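S.K.: My structure is in data_32.cif, and what it holds is mmCIF, C-alpha atoms:
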data_start
loop_
_atom_site.group_PDB
_atom_site.id
_atom_site.type_symbol
_atom_site.label_atom_id
_atom_site.label_comp_id
_atom_site.auth_asym_id
_atom_site.auth_seq_id
_atom_site.Cartn_x
_atom_site.Cartn_y
_atom_site.Cartn_z
ATOM 1 C CA MET A 14 -73.659 -49.281 -19.450
ATOM 2 C CA LEU A 15 -71.743 -49.356 -22.753
ATOM 3 C CA GLN A 16 -70.799 -45.693 -22.303
ATOM 4 C CA GLU A 17 -69.533 -46.356 -18.754
ATOM 5 C CA ASP A 18 -67.520 -49.350 -19.960
ATOM 6 C CA TYR A 19 -65.978 -47.224 -22.710
ATOM 7 C CA ILE A 20 -65.020 -44.479 -20.269
ATOM 8 C CA MET A 21 -63.479 -46.952 -17.819
ATOM 9 C CA LYS A 22 -61.488 -48.573 -20.614
ATOM 10 C CA MET A 23 -60.297 -45.162 -21.774
ATOM 11 C CA ILE A 24 -59.217 -44.218 -18.240
ATOM 12 C CA GLU A 25 -57.271 -47.468 -17.909
ATOM 13 C CA GLN A 26 -55.587 -46.946 -21.278
ATOM 14 C CA PHE A 27 -54.670 -43.386 -20.401
ATOM 15 C CA ALA A 28 -53.225 -44.472 -17.051
ATOM 16 C CA ALA A 29 -51.053 -47.011 -18.900
ATOM 17 C CA PHE A 30 -49.864 -44.391 -21.403
ATOM 18 C CA LEU A 31 -49.152 -41.882 -18.635
ATOM 19 C CA TRP A 32 -47.190 -44.447 -16.617
ATOM 20 C CA ALA A 33 -45.048 -45.261 -19.692
ATOM 21 C CA ILE A 34 -44.463 -41.565 -20.422
ATOM 22 C CA VAL A 35 -43.435 -40.731 -16.861
ATOM 23 C CA PHE A 36 -41.270 -43.846 -16.555
ATOM 24 C CA ASN A 37 -39.353 -43.101 -19.759
ATOM 25 C CA LYS A 38 -38.971 -39.475 -18.721
ATOM 26 C CA LYS A 39 -37.599 -40.549 -15.353
ATOM 27 C CA ILE A 40 -34.907 -42.756 -16.930
ATOM 28 C CA LYS A 41 -34.178 -39.978 -19.472
ATOM 29 C CA ASN A 42 -35.378 -42.064 -22.403
ATOM 30 C CA TYR A 43 -36.910 -38.961 -23.892
ATOM 31 C CA ASP A 44 -37.446 -40.237 -27.446
ATOM 32 C CA SER A 45 -39.571 -43.113 -26.155
ATOM 33 C CA ALA A 46 -41.501 -40.757 -23.882
ATOM 34 C CA ILE A 47 -42.333 -38.474 -26.829
ATOM 35 C CA GLU A 48 -43.361 -41.501 -28.899
ATOM 36 C CA LYS A 49 -45.726 -42.588 -26.138
ATOM 37 C CA ILE A 50 -47.259 -39.124 -26.067
ATOM 38 C CA GLU A 51 -47.974 -39.325 -29.798
ATOM 39 C CA GLU A 52 -49.384 -42.832 -29.370
ATOM 40 C CA ALA A 53 -51.689 -41.509 -26.654
ATOM 41 C CA TYR A 54 -53.066 -38.761 -28.897
ATOM 42 C CA ASN A 55 -53.729 -41.287 -31.654
ATOM 43 C CA GLY A 56 -54.926 -44.133 -29.464
ATOM 44 C CA LEU A 57 -57.150 -42.156 -27.104
ATOM 45 C CA LEU A 58 -58.298 -39.170 -29.156
ATOM 46 C CA ASN A 59 -58.001 -40.624 -32.659
ATOM 47 C CA THR A 60 -56.086 -37.638 -33.938
ATOM 48 C CA ASP A 61 -52.588 -36.452 -34.741
ATOM 49 C CA GLY A 62 -51.072 -34.834 -31.663
ATOM 50 C CA ASN A 63 -49.616 -31.991 -33.726
ATOM 51 C CA LYS A 64 -53.100 -30.912 -34.779
ATOM 52 C CA ILE A 65 -54.120 -30.502 -31.144
ATOM 53 C CA LYS A 66 -50.869 -28.862 -30.096
ATOM 54 C CA ASP A 67 -51.214 -26.273 -32.856
ATOM 55 C CA LEU A 68 -54.646 -25.186 -31.586
ATOM 56 C CA GLU A 69 -55.224 -22.219 -29.316
ATOM 57 C CA VAL A 70 -56.601 -23.219 -25.930
ATOM 58 C CA ASN A 71 -60.055 -21.801 -26.728
ATOM 59 C CA GLU A 72 -60.089 -23.961 -29.882
ATOM 60 C CA ILE A 73 -59.220 -27.056 -27.842
ATOM 61 C CA ILE A 74 -62.132 -26.269 -25.529
ATOM 62 C CA ARG A 75 -64.478 -25.630 -28.459
ATOM 63 C CA ASP A 76 -63.535 -28.885 -30.209
ATOM 64 C CA ASN A 77 -64.189 -30.848 -27.018
ATOM 65 C CA THR A 78 -67.538 -29.283 -26.163
ATOM 66 C CA TYR A 79 -70.657 -31.068 -27.334
ATOM 67 C CA GLY A 80 -74.091 -29.577 -26.771
ATOM 68 C CA ASN A 81 -72.598 -27.056 -24.319
ATOM 69 C CA VAL A 82 -71.127 -29.942 -22.290
ATOM 70 C CA LEU A 83 -67.347 -30.077 -21.934
ATOM 71 C CA ASN A 84 -65.774 -33.490 -22.474
ATOM 72 C CA LYS A 85 -63.667 -33.398 -19.308
ATOM 73 C CA ASP A 86 -62.038 -36.761 -20.014
ATOM 74 C CA ASN A 87 -60.574 -35.468 -23.283
ATOM 75 C CA ILE A 88 -59.518 -32.199 -21.652
ATOM 76 C CA ASP A 89 -57.787 -34.151 -18.871
ATOM 77 C CA ILE A 90 -55.884 -36.244 -21.422
ATOM 78 C CA ILE A 91 -54.816 -33.221 -23.471
ATOM 79 C CA ALA A 92 -53.774 -31.204 -20.398
ATOM 80 C CA ASN A 93 -51.623 -34.050 -19.072
ATOM 81 C CA LEU A 94 -50.001 -34.745 -22.439
ATOM 82 C CA LEU A 95 -49.218 -31.067 -22.967
ATOM 83 C CA PHE A 96 -47.673 -30.855 -19.513
ATOM 84 C CA GLU A 97 -45.570 -33.995 -19.944
ATOM 85 C CA GLU A 98 -44.243 -32.906 -23.332
ATOM 86 C CA ALA A 99 -43.457 -29.429 -22.005
ATOM 87 C CA ASP A 100 -41.544 -30.967 -19.098
ATOM 88 C CA ILE A 101 -39.636 -33.361 -21.366
ATOM 89 C CA LEU A 102 -38.659 -30.595 -23.804
ATOM 90 C CA GLU A 103 -37.554 -28.446 -20.880
ATOM 91 C CA GLN A 104 -35.345 -31.246 -19.565
ATOM 92 C CA ILE A 105 -33.800 -31.630 -23.016
ATOM 93 C CA ASN A 106 -33.486 -27.965 -23.995
ATOM 94 C CA SER A 107 -33.792 -26.045 -20.710
ATOM 95 C CA LEU A 108 -36.183 -23.068 -20.938
ATOM 96 C CA ASN A 109 -37.780 -22.861 -24.370
ATOM 97 C CA THR A 110 -40.757 -21.282 -26.101
ATOM 98 C CA ILE A 111 -42.543 -24.555 -26.907
ATOM 99 C CA SER A 112 -42.512 -25.662 -23.264
ATOM 100 C CA LEU A 113 -43.828 -22.236 -22.286
ATOM 101 C CA GLU A 114 -46.667 -22.541 -24.801
ATOM 102 C CA TYR A 115 -47.637 -26.028 -23.655
ATOM 103 C CA TYR A 116 -47.407 -25.157 -19.944
ATOM 104 C CA GLN A 117 -49.706 -22.178 -20.433
ATOM 105 C CA LYS A 118 -52.266 -24.231 -22.352
ATOM 106 C CA ALA A 119 -52.119 -27.056 -19.814
ATOM 107 C CA PHE A 120 -52.630 -24.586 -16.966
ATOM 108 C CA VAL A 121 -55.852 -23.219 -18.450
ATOM 109 C CA LEU A 122 -57.163 -26.714 -19.199
ATOM 110 C CA PHE A 123 -56.383 -28.038 -15.724
ATOM 111 C CA CYS A 124 -58.195 -25.041 -14.217
ATOM 112 C CA LEU A 125 -61.349 -26.200 -16.017
ATOM 113 C CA LEU A 126 -61.119 -29.515 -14.161
ATOM 114 C CA ALA A 127 -60.151 -28.328 -10.698
ATOM 115 C CA ASN A 128 -62.640 -28.499 -7.855
ATOM 116 C CA GLU A 129 -62.487 -28.870 -4.091
ATOM 117 C CA GLU A 130 -62.526 -32.658 -4.228
ATOM 118 C CA ASN A 131 -59.849 -33.038 -6.892
ATOM 119 C CA ILE A 132 -56.651 -32.378 -4.963
ATOM 120 C CA GLN A 133 -54.466 -33.883 -7.694
ATOM 121 C CA LYS A 134 -55.581 -31.269 -10.217
ATOM 122 C CA HIS A 135 -54.707 -28.456 -7.813
ATOM 123 C CA GLU A 136 -51.296 -30.036 -7.226
ATOM 124 C CA LYS A 137 -50.726 -30.125 -10.980
ATOM 125 C CA ILE A 138 -51.859 -26.521 -11.366
ATOM 126 C CA ASN A 139 -49.435 -25.372 -8.674
ATOM 127 C CA GLU A 140 -46.666 -27.419 -10.273
ATOM 128 C CA ILE A 141 -47.272 -25.603 -13.555
ATOM 129 C CA ILE A 142 -47.360 -22.204 -11.831
ATOM 130 C CA ASN A 143 -43.978 -22.982 -10.281
ATOM 131 C CA LYS A 144 -42.656 -23.971 -13.707
ATOM 132 C CA LEU A 145 -43.917 -20.731 -15.216
ATOM 133 C CA LYS A 146 -42.011 -18.631 -12.677
ATOM 134 C CA ASP A 147 -38.894 -19.178 -14.788
ATOM 135 C CA TYR A 148 -40.591 -17.877 -17.949
ATOM 136 C CA GLU A 149 -41.907 -14.563 -19.245
ATOM 137 C CA ILE A 150 -45.565 -15.506 -19.385
ATOM 138 C CA THR A 151 -48.350 -13.689 -21.207
ATOM 139 C CA ASN A 152 -50.547 -11.181 -19.423
ATOM 140 C CA GLU A 153 -53.499 -13.416 -20.220
ATOM 141 C CA THR A 154 -51.875 -16.268 -18.290
ATOM 142 C CA LYS A 155 -51.066 -13.929 -15.391
ATOM 143 C CA TYR A 156 -54.740 -12.970 -15.316
ATOM 144 C CA LYS A 157 -55.782 -16.622 -15.264
ATOM 145 C CA ILE A 158 -53.382 -17.252 -12.376
ATOM 146 C CA TYR A 159 -54.891 -14.270 -10.526
ATOM 147 C CA GLU A 160 -58.373 -15.729 -11.026
ATOM 148 C CA TYR A 161 -57.201 -19.126 -9.812
ATOM 149 C CA TYR A 162 -55.596 -17.656 -6.691
ATOM 150 C CA GLU A 163 -58.721 -15.669 -5.824
ATOM 151 C CA GLY A 164 -60.863 -18.755 -6.280
ATOM 152 C CA GLN A 165 -58.588 -20.653 -3.894
ATOM 153 C CA GLY A 166 -58.737 -17.902 -1.280
ATOM 154 C CA LEU A 167 -55.070 -16.989 -1.793
ATOM 155 C CA PHE A 168 -55.819 -13.284 -1.828
ATOM 156 C CA GLY A 169 -52.272 -12.038 -1.232
ATOM 157 C CA ARG A 170 -50.987 -13.987 -4.216
ATOM 158 C CA ALA A 171 -53.928 -12.834 -6.321
ATOM 159 C CA GLU A 172 -53.126 -9.222 -5.435
ATOM 160 C CA ASP A 173 -49.497 -9.713 -6.466
ATOM 161 C CA LYS A 174 -50.602 -10.888 -9.911
ATOM 162 C CA LEU A 175 -52.932 -7.935 -10.278
ATOM 163 C CA TYR A 176 -50.119 -5.487 -9.601
ATOM 164 C CA GLU A 177 -47.842 -7.313 -12.034
ATOM 165 C CA LEU A 178 -50.550 -6.729 -14.628
ATOM 166 C CA LYS A 179 -50.853 -3.087 -13.566
ATOM 167 C CA ALA A 180 -47.111 -2.651 -14.120
ATOM 168 C CA SER A 181 -47.673 -3.998 -17.644
ATOM 169 C CA ASN A 182 -50.538 -1.539 -18.242
ATOM 170 C CA TYR A 183 -52.972 -4.401 -18.776
ATOM 171 C CA LEU A 184 -56.337 -3.205 -20.087
ATOM 172 C CA ASN A 185 -58.819 -2.043 -17.392
ATOM 173 C CA ILE A 186 -56.656 -3.573 -14.667
ATOM 174 C CA THR A 187 -57.160 -0.724 -12.187
ATOM 175 C CA ASN A 188 -60.915 -1.274 -12.322
ATOM 176 C CA GLU A 189 -60.366 -4.994 -11.789
ATOM 177 C CA ILE A 190 -58.169 -4.314 -8.745
ATOM 178 C CA LYS A 191 -60.918 -2.147 -7.248
ATOM 179 C CA ALA A 192 -63.534 -4.816 -7.998
ATOM 180 C CA PHE A 193 -61.279 -7.473 -6.443
ATOM 181 C CA TYR A 194 -60.924 -5.479 -3.234
ATOM 182 C CA LYS A 195 -64.681 -4.853 -3.038
ATOM 183 C CA ARG A 196 -65.418 -8.552 -3.497
ATOM 184 C CA ILE A 197 -63.057 -9.804 -0.858
ATOM 185 C CA LEU A 198 -63.979 -7.097 1.669
ATOM 186 C CA LYS A 199 -67.252 -9.027 2.003
ATOM 187 C CA LYS A 200 -65.253 -11.934 3.486
ATOM 188 C CA ASP A 201 -64.827 -12.282 7.228
ATOM 189 C CA ASP A 202 -61.563 -11.247 8.899
ATOM 190 C CA GLU A 203 -60.442 -14.825 9.484
ATOM 191 C CA THR A 204 -60.764 -15.685 5.788
ATOM 192 C CA LEU A 205 -58.832 -12.569 4.786
ATOM 193 C CA GLU A 206 -56.074 -13.282 7.297
ATOM 194 C CA LYS A 207 -55.845 -16.852 6.066
ATOM 195 C CA GLY A 208 -55.581 -15.525 2.501
ATOM 196 C CA ASN A 209 -52.661 -13.314 3.603
ATOM 197 C CA LEU A 210 -54.457 -10.061 2.843
ATOM 198 C CA PRO A 211 -55.925 -8.536 6.034
ATOM 199 C CA ARG A 212 -58.733 -6.015 5.928
ATOM 200 C CA ASN A 213 -56.608 -3.022 6.974
ATOM 201 C CA GLU A 214 -54.203 -3.611 4.072
ATOM 202 C CA ILE A 215 -57.078 -3.829 1.611
ATOM 203 C CA ILE A 216 -58.538 -0.532 2.827
ATOM 204 C CA GLU A 217 -55.100 1.087 2.687
ATOM 205 C CA GLU A 218 -54.579 -0.038 -0.909
ATOM 206 C CA MET A 219 -58.065 1.092 -1.907
ATOM 207 C CA ASN A 220 -57.331 4.554 -0.504
ATOM 208 C CA LYS A 221 -54.117 4.686 -2.534
ATOM 209 C CA LEU A 222 -56.020 3.826 -5.690
ATOM 210 C CA GLN A 223 -58.595 6.525 -4.991
ATOM 211 C CA ALA A 224 -55.800 9.033 -4.411
#
Before we go any further, please render this structure as C-alpha coordinates.
M.R.:
Amino acid sequence: MLQEDYIMKMIEQFAAFLWAIVFNKKIKNYDSAIEKIEEAYNGLLNTDGNKIKDLEVNEIIRDNTYGNVLNKDNIDIIANLLFEEADILEQINSLNTISLEYYQKAFVLFCLLANEENIQKHEKINEIINKLKDYEITNETKYKIYEYYEGQGLFGRAEDKLYELKASNYLNITNEIKAFYKRILKKDDETLEKGNLPRNEIIEEMNKLQA
(Lines of atoms letter the chains of each structure in order from A and count residues from 1; the text may use other names and numbers.)
(Lines give C-alpha, C1' and ligand atoms only; values in the text may rest on other atoms or scores of the structure.)
Protein backbone atom coordinates (compact mmCIF):
# COMPACT_ATOMS: atom_id res chain seq x y z
CA MET A 1 0.00 0.00 0.00
CA LEU A 2 2.80 2.43 0.92
CA GLN A 3 4.56 1.66 -2.37
CA GLU A 4 1.35 2.31 -4.35
CA ASP A 5 0.79 5.58 -2.49
CA TYR A 6 4.35 6.65 -3.27
CA ILE A 7 3.95 5.86 -6.96
CA MET A 8 0.65 7.73 -7.18
CA LYS A 9 2.16 10.75 -5.46
CA MET A 10 5.12 10.64 -7.83
CA ILE A 11 2.82 10.47 -10.87
CA GLU A 12 0.84 13.46 -9.61
CA GLN A 13 4.02 15.45 -8.97
CA PHE A 14 5.37 14.61 -12.40
CA ALA A 15 2.09 15.64 -14.05
CA ALA A 16 2.33 19.00 -12.25
CA PHE A 17 5.94 19.50 -13.35
CA LEU A 18 5.13 18.52 -16.94
CA TRP A 19 2.15 20.89 -17.06
CA ALA A 20 4.36 23.77 -15.84
CA ILE A 21 7.09 22.92 -18.37
CA VAL A 22 4.69 22.74 -21.31
CA PHE A 23 2.83 25.88 -20.23
CA ASN A 24 6.01 27.95 -19.95
CA LYS A 25 7.23 26.57 -23.27
CA LYS A 26 3.94 27.52 -24.90
CA ILE A 27 4.17 31.15 -23.72
CA LYS A 28 7.88 31.19 -24.71
CA ASN A 29 9.04 31.60 -21.12
CA TYR A 30 11.91 29.28 -21.85
CA ASP A 31 14.08 30.07 -18.82
CA SER A 32 11.26 29.10 -16.47
CA ALA A 33 10.59 25.94 -18.47
CA ILE A 34 14.25 24.89 -18.17
CA GLU A 35 14.17 25.66 -14.45
CA LYS A 36 11.13 23.42 -14.04
CA ILE A 37 12.93 20.62 -15.86
CA GLU A 38 15.84 20.86 -13.42
CA GLU A 39 13.41 20.96 -10.49
CA ALA A 40 11.77 17.80 -11.82
CA TYR A 41 15.07 15.92 -11.97
CA ASN A 42 15.88 16.95 -8.40
CA GLY A 43 12.39 16.60 -6.97
CA LEU A 44 11.41 13.32 -8.62
CA LEU A 45 14.71 11.50 -9.15
CA ASN A 46 16.79 13.10 -6.40
CA THR A 47 19.66 13.84 -8.73
CA ASP A 48 21.22 16.62 -10.76
CA GLY A 49 19.70 16.66 -14.24
CA ASN A 50 23.10 17.21 -15.85
CA LYS A 51 24.34 13.90 -14.47
CA ILE A 52 21.51 12.06 -16.22
CA LYS A 53 21.79 14.05 -19.43
CA ASP A 54 25.50 13.26 -19.67
CA LEU A 55 24.84 9.50 -19.55
CA GLU A 56 24.60 7.29 -22.61
CA VAL A 57 21.16 5.77 -23.05
CA ASN A 58 22.39 2.29 -22.06
CA GLU A 59 23.76 3.81 -18.84
CA ILE A 60 20.40 5.43 -18.09
CA ILE A 61 18.74 2.03 -18.54
CA ARG A 62 21.36 0.31 -16.38
CA ASP A 63 21.03 2.85 -13.56
CA ASN A 64 17.25 2.41 -13.54
CA THR A 65 17.21 -1.39 -13.58
CA TYR A 66 16.96 -3.17 -10.26
CA GLY A 67 17.11 -6.95 -10.05
CA ASN A 68 16.61 -7.18 -13.83
CA VAL A 69 13.41 -5.11 -13.51
CA LEU A 70 13.29 -1.78 -15.33
CA ASN A 71 11.92 1.13 -13.32
CA LYS A 72 9.50 2.30 -16.02
CA ASP A 73 8.29 5.27 -13.98
CA ASN A 74 11.81 6.73 -13.85
CA ILE A 75 12.38 5.97 -17.54
CA ASP A 76 9.11 7.73 -18.40
CA ILE A 77 10.15 10.81 -16.43
CA ILE A 78 13.61 10.95 -18.00
CA ALA A 79 12.29 10.40 -21.54
CA ASN A 80 9.74 13.19 -21.18
CA LEU A 81 12.23 15.63 -19.65
CA LEU A 82 14.79 14.92 -22.37
CA PHE A 83 12.16 15.48 -25.05
CA GLU A 84 10.89 18.72 -23.53
CA GLU A 85 14.38 20.16 -23.13
CA ALA A 86 15.30 19.15 -26.68
CA ASP A 87 12.17 20.87 -27.99
CA ILE A 88 12.81 24.02 -25.95
CA LEU A 89 16.44 24.27 -27.09
CA GLU A 90 15.32 23.75 -30.68
CA GLN A 91 12.80 26.58 -30.38
CA ILE A 92 15.53 28.83 -28.99
CA ASN A 93 18.42 27.81 -31.24
CA SER A 94 16.78 26.06 -34.21
CA LEU A 95 18.49 22.76 -35.13
CA ASN A 96 21.33 21.98 -32.73
CA THR A 97 23.44 19.06 -31.59
CA ILE A 98 22.14 18.99 -28.00
CA SER A 99 18.52 18.71 -29.15
CA LEU A 100 19.56 15.92 -31.51
CA GLU A 101 21.27 14.06 -28.67
CA TYR A 102 18.30 14.39 -26.33
CA TYR A 103 15.75 13.46 -29.02
CA GLN A 104 17.68 10.30 -29.84
CA LYS A 105 17.93 9.27 -26.19
CA ALA A 106 14.26 10.03 -25.57
CA PHE A 107 13.27 7.96 -28.61
CA VAL A 108 15.05 4.86 -27.33
CA LEU A 109 13.61 5.29 -23.84
CA PHE A 110 10.06 5.80 -25.08
CA CYS A 111 10.38 2.64 -27.19
CA LEU A 112 11.00 0.70 -23.97
CA LEU A 113 7.62 1.87 -22.68
CA ALA A 114 5.51 1.52 -25.80
CA ASN A 115 2.90 -1.22 -26.04
CA GLU A 116 -0.40 -1.72 -27.82
CA GLU A 117 -2.42 -0.17 -25.02
CA ASN A 118 -0.26 2.92 -24.57
CA ILE A 119 -1.27 5.08 -27.52
CA GLN A 120 0.28 8.21 -26.00
CA LYS A 121 3.75 6.68 -26.03
CA HIS A 122 3.42 5.79 -29.72
CA GLU A 123 2.27 9.34 -30.45
CA LYS A 124 5.35 10.67 -28.67
CA ILE A 125 7.62 8.27 -30.53
CA ASN A 126 6.22 9.38 -33.88
CA GLU A 127 6.56 13.01 -32.84
CA ILE A 128 10.25 12.42 -32.13
CA ILE A 129 10.74 10.58 -35.43
CA ASN A 130 9.25 13.57 -37.24
CA LYS A 131 11.60 15.87 -35.33
CA LEU A 132 14.58 13.74 -36.28
CA LYS A 133 13.80 14.03 -39.99
CA ASP A 134 15.44 17.46 -39.91
CA TYR A 135 18.66 16.09 -38.40
CA GLU A 136 21.51 13.83 -39.49
CA ILE A 137 20.85 11.00 -37.07
CA THR A 138 23.19 8.17 -36.14
CA ASN A 139 22.99 4.81 -37.87
CA GLU A 140 22.19 3.28 -34.50
CA THR A 141 19.10 5.49 -34.21
CA LYS A 142 18.09 4.64 -37.79
CA TYR A 143 18.32 0.97 -36.83
CA LYS A 144 16.15 1.53 -33.77
CA ILE A 145 13.58 3.31 -35.94
CA TYR A 146 13.64 0.36 -38.36
CA GLU A 147 13.00 -2.02 -35.46
CA TYR A 148 10.16 0.16 -34.20
CA TYR A 149 8.53 0.32 -37.64
CA GLU A 150 8.72 -3.45 -38.09
CA GLY A 151 7.22 -3.98 -34.66
CA GLN A 152 4.33 -1.69 -35.60
CA GLY A 153 3.72 -3.50 -38.88
CA LEU A 154 4.90 -0.52 -40.94
CA PHE A 155 6.97 -2.70 -43.23
CA GLY A 156 7.42 -0.19 -46.06
CA ARG A 157 8.86 2.38 -43.68
CA ALA A 158 11.05 -0.26 -42.05
CA GLU A 159 12.41 -1.22 -45.47
CA ASP A 160 13.22 2.41 -46.23
CA LYS A 161 15.32 2.64 -43.07
CA LEU A 162 17.14 -0.56 -43.92
CA TYR A 163 18.15 0.78 -47.32
CA GLU A 164 19.27 4.07 -45.77
CA LEU A 165 21.56 1.97 -43.58
CA LYS A 166 22.71 -0.02 -46.61
CA ALA A 167 23.66 3.23 -48.34
CA SER A 168 25.77 4.03 -45.26
CA ASN A 169 27.46 0.60 -45.40
CA TYR A 170 26.12 -0.26 -41.95
CA LEU A 171 27.65 -3.46 -40.58
CA ASN A 172 25.92 -6.71 -41.70
CA ILE A 173 22.96 -4.74 -43.03
CA THR A 174 22.49 -6.88 -46.15
CA ASN A 175 22.05 -9.95 -43.96
CA GLU A 176 19.54 -8.05 -41.83
CA ILE A 177 17.57 -7.02 -44.93
CA LYS A 178 17.38 -10.66 -46.01
CA ALA A 179 16.31 -11.73 -42.51
CA PHE A 180 13.69 -8.96 -42.46
CA TYR A 181 12.19 -10.14 -45.74
CA LYS A 182 12.13 -13.77 -44.57
CA ARG A 183 10.38 -12.81 -41.35
CA ILE A 184 7.66 -10.75 -42.92
CA LEU A 185 7.04 -13.22 -45.77
CA LYS A 186 5.46 -15.39 -43.07
CA LYS A 187 2.73 -12.74 -42.68
CA ASP A 188 -0.52 -13.00 -44.60
CA ASP A 189 -1.09 -10.89 -47.72
CA GLU A 190 -3.52 -8.54 -45.97
CA THR A 191 -0.98 -7.70 -43.26
CA LEU A 192 1.73 -7.06 -45.85
CA GLU A 193 -0.56 -4.85 -47.92
CA LYS A 194 -1.54 -2.91 -44.82
CA GLY A 195 2.16 -2.48 -44.01
CA ASN A 196 2.69 -1.03 -47.51
CA LEU A 197 5.03 -3.80 -48.62
CA PRO A 198 3.17 -6.40 -50.73
CA ARG A 199 4.49 -9.90 -51.19
CA ASN A 200 5.46 -9.47 -54.86
CA GLU A 201 7.68 -6.49 -54.01
CA ILE A 202 9.39 -8.43 -51.24
CA ILE A 203 10.15 -11.34 -53.57
CA GLU A 204 11.41 -8.92 -56.23
CA GLU A 205 13.77 -7.24 -53.77
CA MET A 206 14.99 -10.59 -52.45
CA ASN A 207 15.84 -11.66 -56.01
CA LYS A 208 17.80 -8.43 -56.50
CA LEU A 209 19.79 -9.10 -53.35
CA GLN A 210 20.56 -12.65 -54.48
CA ALA A 211 21.68 -11.32 -57.86
S.K.: Mind telling me what the PyMOL selection byres ((chain A and resi 109-114) around 8) catches here, as a PyMOL selection string?
M.R.: chain A and resi 98-100+102-103+106-108+115-118+145+148+150
S.K.: Could you give me, as a ChimeraX atom specification, the residues that sit within 12 Å of (-65.0, -19.8, -6.6) in the file's coordinates, counting all atoms listed in the file?
M.R.: /A:124-125,127-129,160-167,196-197
S.K.: By how many Å are CA of Asn37 in chain A and CA of Ile132 in chain A apart?
M.R.: 25.2 Å
S.K.: With 12 Å as the threshold, what does the neighbourhood of (-53.0, -15.2, -4.8) contain in terms of residues, counting all atoms listed in the file? Coordinates are those of the file; answer as a PyMOL selection string.
M.R.: chain A and resi 139+142+155-177+193+205+207-210
S.K.: Given the choices A:Asp201, A:Glu97, A:Glu130, A:Asp86, which gets closest to Met21 in chain A if the distance is worked out from only C-alpha atoms?
M.R.: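 Of all the options, A:Asp86 lies closest to Met21 in chain A.
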S.K.: Given the choices A:Lys49, A:Glu69, A:Phe27, A:Gln104, which gets closest to Asp89 in chain A if the distance is worked out from all atoms listed in the file?
M.R.: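 Between A:Lys49, A:Glu69, A:Phe27, A:Gln104, the residue approaching Asp89 in chain A most closely is A:Phe27.
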S.K.: Compare A:Thr187, A:Asp147, A:Ala29, A:Leu222 by their minimum atom-to-atom distance to Glu52 in chain A, counting only C-alpha atoms, and give me the closest one.
M.R.: A:Ala29
S.K.: Would you compute the distance between CA of Ala192 in chain A and CA of Glu72 in chain A? Give it in Å to one decimal.
M.R.: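 We find that CA of Ala192 in chain A and CA of Glu72 in chain A lie 29.3 Å from each other.
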S.K.: For Ile24 in chain A, which of A:Ile90, A:Ile50, A:Ala119, A:Ile40 is the closest residue, counting all atoms listed in the file?
M.R.: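 With all atoms listed in the file as the atom set, the closest residue is A:Ile90.
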S.K.: Please measure the separation of CA of Met23 in chain A and CA of Asn55 in chain A, giving the value in Å to one decimal.
M.R.: 12.5 Å
S.K.: For this structure, which residues satisfy the selection - the PyMOL selection byres ((chain A and resi 73) around 12) - when it is evaluated on the file as given? I want them as a list in words.
M.R.: Gly62, Lys64, Ile65, Lys66, Asp67, Leu68, Glu69, Val70, Asn71, Glu72, Ile74, Arg75, Asp76, Asn77, Thr78, Leu83, Asn84, Lys85, Asn87, Ile88, Asp89, Ile90, Ile91, Ala92, Leu95, Lys118, Ala119, Val121 and Leu122 of chain A
S.K.: Between A:Glu25, A:Lys195, A:Tyr43, A:Lys144, single out the one closest to Ile101 in chain A, counting all atoms listed in the file.
M.R.: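 Ranking A:Glu25, A:Lys195, A:Tyr43, A:Lys144 by distance to Ile101 in chain A, first place goes to A:Tyr43.
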S.K.: Which residues come within 10 Å of Phe36 in chain A, counting all atoms listed in the file, excluding same-chain residues fewer than 6 positions away, as a ChimeraX atom specification?
M.R.: /A:30,42-43,45-46
